[in-house]
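What's in model_26.csv: CSV, N, CA, C and O atoms
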```csv
chain,number,residue,atom,x,y,z
A,85,MET,N,91.3,35.9,101.0
A,85,MET,CA,91.6,36.0,99.6
A,85,MET,C,90.3,36.3,98.9
A,85,MET,O,89.3,35.6,99.1
A,86,ASN,N,90.3,37.3,98.0
A,86,ASN,CA,89.1,37.6,97.3
A,86,ASN,C,89.4,38.3,96.0
A,86,ASN,O,90.5,38.7,95.7
A,87,LEU,N,88.3,38.4,95.2
A,87,LEU,CA,88.5,39.0,93.8
A,87,LEU,C,89.0,40.4,93.8
A,87,LEU,O,89.8,40.8,92.9
A,88,HIS,N,88.6,41.2,94.8
A,88,HIS,CA,89.1,42.6,94.9
A,88,HIS,C,90.6,42.6,95.0
A,88,HIS,O,91.3,43.4,94.3
A,89,GLN,N,91.1,41.8,95.9
A,89,GLN,CA,92.6,41.7,96.0
A,89,GLN,C,93.3,41.3,94.7
A,89,GLN,O,94.3,41.9,94.3
A,90,PHE,N,92.7,40.3,94.0
A,90,PHE,CA,93.2,39.9,92.8
A,90,PHE,C,93.3,41.0,91.7
A,90,PHE,O,94.3,41.2,91.1
A,91,ARG,N,92.2,41.8,91.7
A,91,ARG,CA,92.1,42.9,90.7
A,91,ARG,C,93.1,44.0,91.1
A,91,ARG,O,93.7,44.6,90.2
A,92,PHE,N,93.3,44.2,92.4
A,92,PHE,CA,94.2,45.2,92.8
A,92,PHE,C,95.7,44.8,92.5
A,92,PHE,O,96.4,45.7,92.0
A,93,VAL,N,96.0,43.6,92.7
A,93,VAL,CA,97.4,43.1,92.3
A,93,VAL,C,97.6,43.2,90.8
A,93,VAL,O,98.6,43.7,90.3
A,94,GLN,N,96.6,42.8,90.1
A,94,GLN,CA,96.7,42.8,88.6
A,94,GLN,C,96.8,44.2,88.1
A,94,GLN,O,97.7,44.5,87.2
A,95,GLU,N,96.0,45.1,88.6
A,95,GLU,CA,96.1,46.5,88.2
A,95,GLU,C,97.4,47.2,88.6
A,95,GLU,O,97.9,48.0,87.8
A,96,ALA,N,97.9,46.9,89.8
A,96,ALA,CA,99.2,47.4,90.2
A,96,ALA,C,100.3,47.0,89.2
A,96,ALA,O,101.1,47.8,88.8
A,97,ALA,N,100.3,45.8,88.8
A,97,ALA,CA,101.2,45.3,87.8
A,97,ALA,C,101.1,46.0,86.5
A,97,ALA,O,102.0,46.4,85.8
A,98,ARG,N,99.8,46.2,86.1
A,98,ARG,CA,99.5,46.8,84.8
A,98,ARG,C,100.0,48.3,84.8
A,98,ARG,O,100.3,48.8,83.7
A,99,ARG,N,99.9,48.9,85.9
A,99,ARG,CA,100.2,50.4,86.1
A,99,ARG,C,101.6,50.6,86.5
A,99,ARG,O,101.9,51.6,87.2
A,100,ASN,N,102.5,49.7,86.1
A,100,ASN,CA,103.9,49.8,86.4
A,100,ASN,C,104.2,50.0,87.9
A,100,ASN,O,105.0,50.8,88.3
A,101,LEU,N,103.5,49.3,88.7
A,101,LEU,CA,103.6,49.3,90.2
A,101,LEU,C,103.3,50.6,90.9
A,101,LEU,O,103.7,50.9,92.0
A,102,ASN,N,102.5,51.4,90.2
A,102,ASN,CA,102.1,52.7,90.7
A,102,ASN,C,100.7,52.5,91.3
A,102,ASN,O,99.7,52.4,90.6
A,103,LEU,N,100.6,52.4,92.7
A,103,LEU,CA,99.4,52.2,93.4
A,103,LEU,C,98.4,53.3,93.3
A,103,LEU,O,97.2,53.1,93.3
A,104,THR,N,98.9,54.5,93.1
A,104,THR,CA,98.0,55.7,93.0
A,104,THR,C,97.2,55.5,91.7
A,104,THR,O,96.0,55.7,91.6
A,105,GLU,N,97.9,55.2,90.6
A,105,GLU,CA,97.3,55.0,89.3
A,105,GLU,C,96.4,53.8,89.3
A,105,GLU,O,95.3,53.8,88.7
A,106,ALA,N,96.8,52.7,90.0
A,106,ALA,CA,95.9,51.6,90.1
A,106,ALA,C,94.6,51.9,90.8
A,106,ALA,O,93.5,51.5,90.4
A,107,ALA,N,94.7,52.7,91.9
A,107,ALA,CA,93.6,53.1,92.6
A,107,ALA,C,92.6,53.9,91.8
A,107,ALA,O,91.4,53.7,91.8
A,108,LYS,N,93.2,54.8,91.0
A,108,LYS,CA,92.4,55.7,90.2
A,108,LYS,C,91.6,54.8,89.1
A,108,LYS,O,90.4,55.0,88.9
A,109,ALA,N,92.3,53.9,88.5
A,109,ALA,CA,91.7,53.0,87.5
A,109,ALA,C,90.6,52.2,88.1
A,109,ALA,O,89.6,51.9,87.4
A,110,LEU,N,90.7,51.8,89.4
A,110,LEU,CA,89.8,51.0,90.0
A,110,LEU,C,88.7,51.8,90.8
A,110,LEU,O,87.9,51.2,91.5
A,111,HIS,N,88.8,53.1,90.8
A,111,HIS,CA,87.9,54.0,91.5
A,111,HIS,C,87.8,53.7,93.0
A,111,HIS,O,86.8,53.5,93.6
A,112,THR,N,89.0,53.6,93.6
A,112,THR,CA,89.1,53.4,95.0
A,112,THR,C,90.3,54.2,95.5
A,112,THR,O,90.9,54.9,94.8
A,113,SER,N,90.6,54.0,96.8
A,113,SER,CA,91.7,54.7,97.4
A,113,SER,C,93.0,54.0,97.3
A,113,SER,O,93.1,52.7,97.4
A,114,GLN,N,94.1,54.7,97.3
A,114,GLN,CA,95.4,54.1,97.2
A,114,GLN,C,95.7,53.4,98.5
A,114,GLN,O,96.2,52.2,98.5
A,115,PRO,N,95.4,53.9,99.7
A,115,PRO,CA,95.7,53.1,100.9
A,115,PRO,C,94.9,51.8,100.9
A,115,PRO,O,95.4,50.8,101.4
A,116,GLY,N,93.7,51.8,100.4
A,116,GLY,CA,92.9,50.6,100.3
A,116,GLY,C,93.5,49.5,99.4
A,116,GLY,O,93.5,48.3,99.7
A,117,VAL,N,94.1,50.0,98.3
A,117,VAL,CA,94.8,49.1,97.4
A,117,VAL,C,96.0,48.5,98.1
A,117,VAL,O,96.2,47.3,98.1
A,118,SER,N,96.8,49.3,98.7
A,118,SER,CA,98.0,48.9,99.4
A,118,SER,C,97.7,47.9,100.5
A,118,SER,O,98.3,46.8,100.6
A,119,LYS,N,96.7,48.2,101.3
A,119,LYS,CA,96.3,47.3,102.4
A,119,LYS,C,95.8,46.0,101.9
A,119,LYS,O,96.2,44.9,102.4
A,120,ALA,N,95.0,46.0,100.8
A,120,ALA,CA,94.5,44.7,100.2
A,120,ALA,C,95.6,43.8,99.7
A,120,ALA,O,95.6,42.6,99.9
A,121,ILE,N,96.6,44.5,99.1
A,121,ILE,CA,97.8,43.7,98.5
A,121,ILE,C,98.6,43.1,99.7
A,121,ILE,O,98.9,41.9,99.6
A,122,ILE,N,98.8,43.9,100.7
A,122,ILE,CA,99.6,43.4,101.9
A,122,ILE,C,98.8,42.2,102.5
A,122,ILE,O,99.5,41.2,102.9
A,123,GLU,N,97.5,42.4,102.7
A,123,GLU,CA,96.7,41.3,103.3
A,123,GLU,C,96.8,40.0,102.4
A,123,GLU,O,96.9,38.9,103.0
A,124,LEU,N,96.8,40.1,101.1
A,124,LEU,CA,96.9,39.0,100.3
A,124,LEU,C,98.2,38.3,100.4
A,124,LEU,O,98.4,37.1,100.5
A,125,GLU,N,99.3,39.2,100.4
A,125,GLU,CA,100.6,38.6,100.6
A,125,GLU,C,100.8,37.9,101.9
A,125,GLU,O,101.3,36.8,102.0
A,126,GLU,N,100.2,38.4,103.0
A,126,GLU,CA,100.2,37.8,104.3
A,126,GLU,C,99.5,36.5,104.3
A,126,GLU,O,100.0,35.5,104.8
A,127,GLU,N,98.3,36.5,103.6
A,127,GLU,CA,97.5,35.2,103.6
A,127,GLU,C,98.3,34.1,102.8
A,127,GLU,O,98.2,33.0,103.1
A,128,LEU,N,98.9,34.5,101.7
A,128,LEU,CA,99.7,33.6,100.9
A,128,LEU,C,101.0,33.2,101.5
A,128,LEU,O,101.6,32.2,101.1
A,129,GLY,N,101.5,34.1,102.3
A,129,GLY,CA,102.8,33.8,102.9
A,129,GLY,C,104.0,34.1,102.0
A,129,GLY,O,105.1,33.6,102.2
A,130,ILE,N,103.8,35.0,101.0
A,130,ILE,CA,104.9,35.4,100.1
A,130,ILE,C,104.8,36.9,99.8
A,130,ILE,O,103.7,37.5,100.0
A,131,ASP,N,105.8,37.4,99.3
A,131,ASP,CA,105.8,38.8,98.8
A,131,ASP,C,105.6,38.7,97.3
A,131,ASP,O,106.4,38.1,96.6
A,132,ILE,N,104.5,39.3,96.9
A,132,ILE,CA,104.2,39.4,95.5
A,132,ILE,C,105.1,40.5,94.8
A,132,ILE,O,105.6,40.4,93.7
A,133,PHE,N,105.3,41.6,95.6
A,133,PHE,CA,106.1,42.7,95.2
A,133,PHE,C,107.3,42.9,96.1
A,133,PHE,O,107.1,42.8,97.3
A,134,ALA,N,108.4,43.2,95.5
A,134,ALA,CA,109.6,43.7,96.3
A,134,ALA,C,109.4,45.2,96.5
A,134,ALA,O,108.9,45.9,95.7
A,135,ARG,N,109.7,45.6,97.7
A,135,ARG,CA,109.5,47.0,98.1
A,135,ARG,C,110.8,47.7,98.5
A,135,ARG,O,111.7,47.0,99.0
A,136,HIS,N,110.8,49.0,98.3
A,136,HIS,CA,111.9,49.8,98.9
A,136,HIS,C,111.1,50.9,99.7
A,136,HIS,O,110.5,51.7,99.2
A,137,GLY,N,111.1,50.7,101.0
A,137,GLY,CA,110.2,51.5,101.9
A,137,GLY,C,108.8,51.1,101.6
A,137,GLY,O,108.5,49.9,101.7
A,138,LYS,N,108.0,52.0,101.3
A,138,LYS,CA,106.6,51.8,101.0
A,138,LYS,C,106.3,51.6,99.5
A,138,LYS,O,105.3,51.2,99.1
A,139,ARG,N,107.3,51.9,98.7
A,139,ARG,CA,107.2,51.9,97.2
A,139,ARG,C,107.4,50.4,96.7
A,139,ARG,O,108.3,49.8,97.1
A,140,LEU,N,106.6,50.1,95.7
A,140,LEU,CA,106.8,48.8,95.0
A,140,LEU,C,107.9,49.0,94.0
A,140,LEU,O,107.9,50.0,93.3
A,141,ARG,N,108.8,48.1,94.0
A,141,ARG,CA,110.0,48.2,93.1
A,141,ARG,C,109.9,47.2,91.9
A,141,ARG,O,110.3,47.5,90.8
A,142,ARG,N,109.4,46.0,92.2
A,142,ARG,CA,109.4,45.0,91.2
A,142,ARG,C,108.5,43.8,91.6
A,142,ARG,O,108.2,43.7,92.8
A,143,VAL,N,108.1,43.0,90.7
A,143,VAL,CA,107.4,41.8,91.0
A,143,VAL,C,108.4,40.7,91.3
A,143,VAL,O,109.4,40.5,90.6
A,144,THR,N,108.2,40.0,92.4
A,144,THR,CA,109.1,38.9,92.8
A,144,THR,C,108.8,37.7,91.9
A,144,THR,O,107.8,37.6,91.2
A,145,GLU,N,109.7,36.7,92.0
A,145,GLU,CA,109.6,35.4,91.3
A,145,GLU,C,108.3,34.8,91.7
A,145,GLU,O,107.5,34.4,90.8
A,146,PRO,N,108.0,34.6,93.0
A,146,PRO,CA,106.7,34.0,93.3
A,146,PRO,C,105.5,34.9,92.9
A,146,PRO,O,104.5,34.4,92.5
A,147,GLY,N,105.8,36.2,92.9
A,147,GLY,CA,104.7,37.1,92.5
A,147,GLY,C,104.3,36.9,91.0
A,147,GLY,O,103.2,37.1,90.6
A,148,LEU,N,105.3,36.6,90.2
A,148,LEU,CA,105.0,36.3,88.8
A,148,LEU,C,104.1,35.1,88.6
A,148,LEU,O,103.1,35.1,87.8
A,149,GLU,N,104.3,34.1,89.5
A,149,GLU,CA,103.4,32.9,89.4
A,149,GLU,C,102.0,33.3,89.9
A,149,GLU,O,101.0,32.8,89.4
A,150,VAL,N,102.0,34.1,91.0
A,150,VAL,CA,100.7,34.6,91.5
A,150,VAL,C,99.9,35.4,90.4
A,150,VAL,O,98.7,35.2,90.2
A,151,LEU,N,100.6,36.3,89.7
A,151,LEU,CA,100.0,37.1,88.7
A,151,LEU,C,99.5,36.2,87.6
A,151,LEU,O,98.4,36.4,87.0
A,152,LYS,N,100.2,35.1,87.2
A,152,LYS,CA,99.7,34.2,86.2
A,152,LYS,C,98.4,33.5,86.7
A,152,LYS,O,97.4,33.4,85.9
A,153,ALA,N,98.4,33.1,87.9
A,153,ALA,CA,97.2,32.5,88.5
A,153,ALA,C,96.0,33.5,88.5
A,153,ALA,O,94.9,33.1,88.2
A,154,ILE,N,96.3,34.7,88.9
A,154,ILE,CA,95.3,35.7,89.0
A,154,ILE,C,94.7,36.0,87.6
A,154,ILE,O,93.4,36.1,87.5
A,155,ASP,N,95.5,36.1,86.6
A,155,ASP,CA,95.0,36.3,85.3
A,155,ASP,C,94.0,35.2,84.9
A,155,ASP,O,93.0,35.4,84.3
A,156,ILE,N,94.4,33.9,85.2
A,156,ILE,CA,93.5,32.8,84.8
A,156,ILE,C,92.2,32.9,85.6
A,156,ILE,O,91.1,32.7,85.0
A,157,ILE,N,92.3,33.2,86.9
A,157,ILE,CA,91.1,33.3,87.7
A,157,ILE,C,90.1,34.4,87.2
A,157,ILE,O,88.9,34.2,87.1
A,158,LEU,N,90.7,35.6,87.0
A,158,LEU,CA,89.8,36.7,86.5
A,158,LEU,C,89.3,36.4,85.1
A,158,LEU,O,88.2,36.9,84.8
A,159,ARG,N,90.0,35.8,84.3
A,159,ARG,CA,89.5,35.4,83.0
A,159,ARG,C,88.3,34.4,83.1
A,159,ARG,O,87.3,34.6,82.4
A,160,GLU,N,88.4,33.5,84.0
A,160,GLU,CA,87.4,32.5,84.2
A,160,GLU,C,86.1,33.2,84.9
A,160,GLU,O,85.0,32.8,84.5
A,161,VAL,N,86.4,34.1,85.7
A,161,VAL,CA,85.2,34.9,86.3
A,161,VAL,C,84.5,35.6,85.2
A,161,VAL,O,83.3,35.7,85.1
A,162,ALA,N,85.3,36.2,84.3
A,162,ALA,CA,84.6,36.9,83.1
A,162,ALA,C,83.8,35.9,82.3
A,162,ALA,O,82.7,36.2,81.8
A,163,ASN,N,84.4,34.7,82.1
A,163,ASN,CA,83.7,33.7,81.3
A,163,ASN,C,82.3,33.3,82.0
A,163,ASN,O,81.3,33.1,81.4
A,164,LEU,N,82.4,33.2,83.3
A,164,LEU,CA,81.2,32.9,84.1
A,164,LEU,C,80.1,34.0,83.9
A,164,LEU,O,78.9,33.7,83.8
A,165,LYS,N,80.6,35.2,83.9
A,165,LYS,CA,79.6,36.3,83.7
A,165,LYS,C,79.0,36.3,82.4
A,165,LYS,O,77.8,36.6,82.2
A,166,ARG,N,79.8,35.9,81.4
A,166,ARG,CA,79.2,35.8,80.0
A,166,ARG,C,78.2,34.7,79.9
A,166,ARG,O,77.2,34.8,79.2
A,167,ILE,N,78.5,33.6,80.6
A,167,ILE,CA,77.5,32.5,80.6
A,167,ILE,C,76.2,32.9,81.2
A,167,ILE,O,75.1,32.6,80.7
A,168,GLY,N,76.3,33.7,82.3
A,168,GLY,CA,75.1,34.1,83.0
A,168,GLY,C,74.4,35.1,82.2
A,168,GLY,O,73.2,35.3,82.2
```
Any chance you could put this one into C-alpha cells?
Amino acid sequence: MNLHQFRFVQEAARRNLNLTEAAKALHTSQPGVSKAIIELEEELGIDIFARHGKRLRRVTEPGLEVLKAIDIILREVANLKRIG
C-alpha cells in the first residue's frame, strides 16, 4: 500500500473511471495505473471498483469508504508538505 496507489484510485474516480485519462493526468501509463489499483484491491481484500471485463463500471460500497479514507490521507500528506 503506497501513496501512488492512493493517487491512482483517487484520479480514476475523478476521471469518471477512465484509466487512460487518469494516467494522462498523472503522467504515467494506463497499464501501470490499472496494475497499481488491482494490487491495492488485492492487498485490502476488497474490490474498490466493479468491473465489466477490464473496464471500470462503478465504485463499490467498500470502495466509497476507501475513497473517503484516501482523501483524508492525501489531504494530510499535503498538510505535512506545507509544514515542511
>> For the strand (DSSP E) assignment from backbone DSSP, which residues of chain A qualify? Please present them as a count of residues only.
In response: 9
> Looking only at the backbone, which of the residues in segment 114-164 of chain A does DSSP tag as helix (DSSP H, G or I), as an MDAnalysis selection string?
Replying inline: chainID A and resid 114:128 145:164
> Nearest to Asn100 of chain A: which of A:Arg159, A:Arg141, A:Lys152, A:Lys165 is it, counting all atoms listed in the file?
Replying inline: A:Arg141
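Using only N, CA, C and O atoms for every distance, the candidate list A:Ala120, A:Ala153, A:Leu158, A:Val143 yields A:Val143 as the residue closest to Ala97 of chain A.
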> So what do you get for atom O of Leu110 of chain A versus atom CA of Glu145 of chain A, distance-wise?
Replying inline: 26.8 Å
> Which one is closest to Thr104 of chain A: A:Leu87, A:Ser118, A:Gly137, A:Ile130? Count all atoms listed in the file.
Replying inline: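 For Thr104 of chain A, the nearest of the given residues is A:Ser118.
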> With only C-alpha atoms as the atoms that count, which of A:Pro146, A:Val117, A:Asp155, A:His88 lies nearest to Asn102 of chain A?
Replying inline: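 When distances to Asn102 of chain A are compared using only C-alpha atoms, the smallest one comes from A:Val117.
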> Quick one, how far is atom CA of Ile156 of chain A from atom O of His136 of chain A?
Replying inline: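 Between these atoms lies a distance of 29.2 Å.
The nearest approach to Leu101 of chain A among the residues A:Met85, A:Ile122, A:Ile132, A:Leu140, with all atoms listed in the file taken into account, belongs to A:Leu140.
Between atom C of Phe92 of chain A and atom N of Glu105 of chain A there is a distance of 10.8 Å.
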> Which residue, A:Arg166, A:Ala96, A:Val150, A:Glu160, has the smallest gap to Glu125 of chain A when you use only C-alpha atoms?
Replying inline: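 Distance minimum relative to Glu125 of chain A lands on A:Val150.
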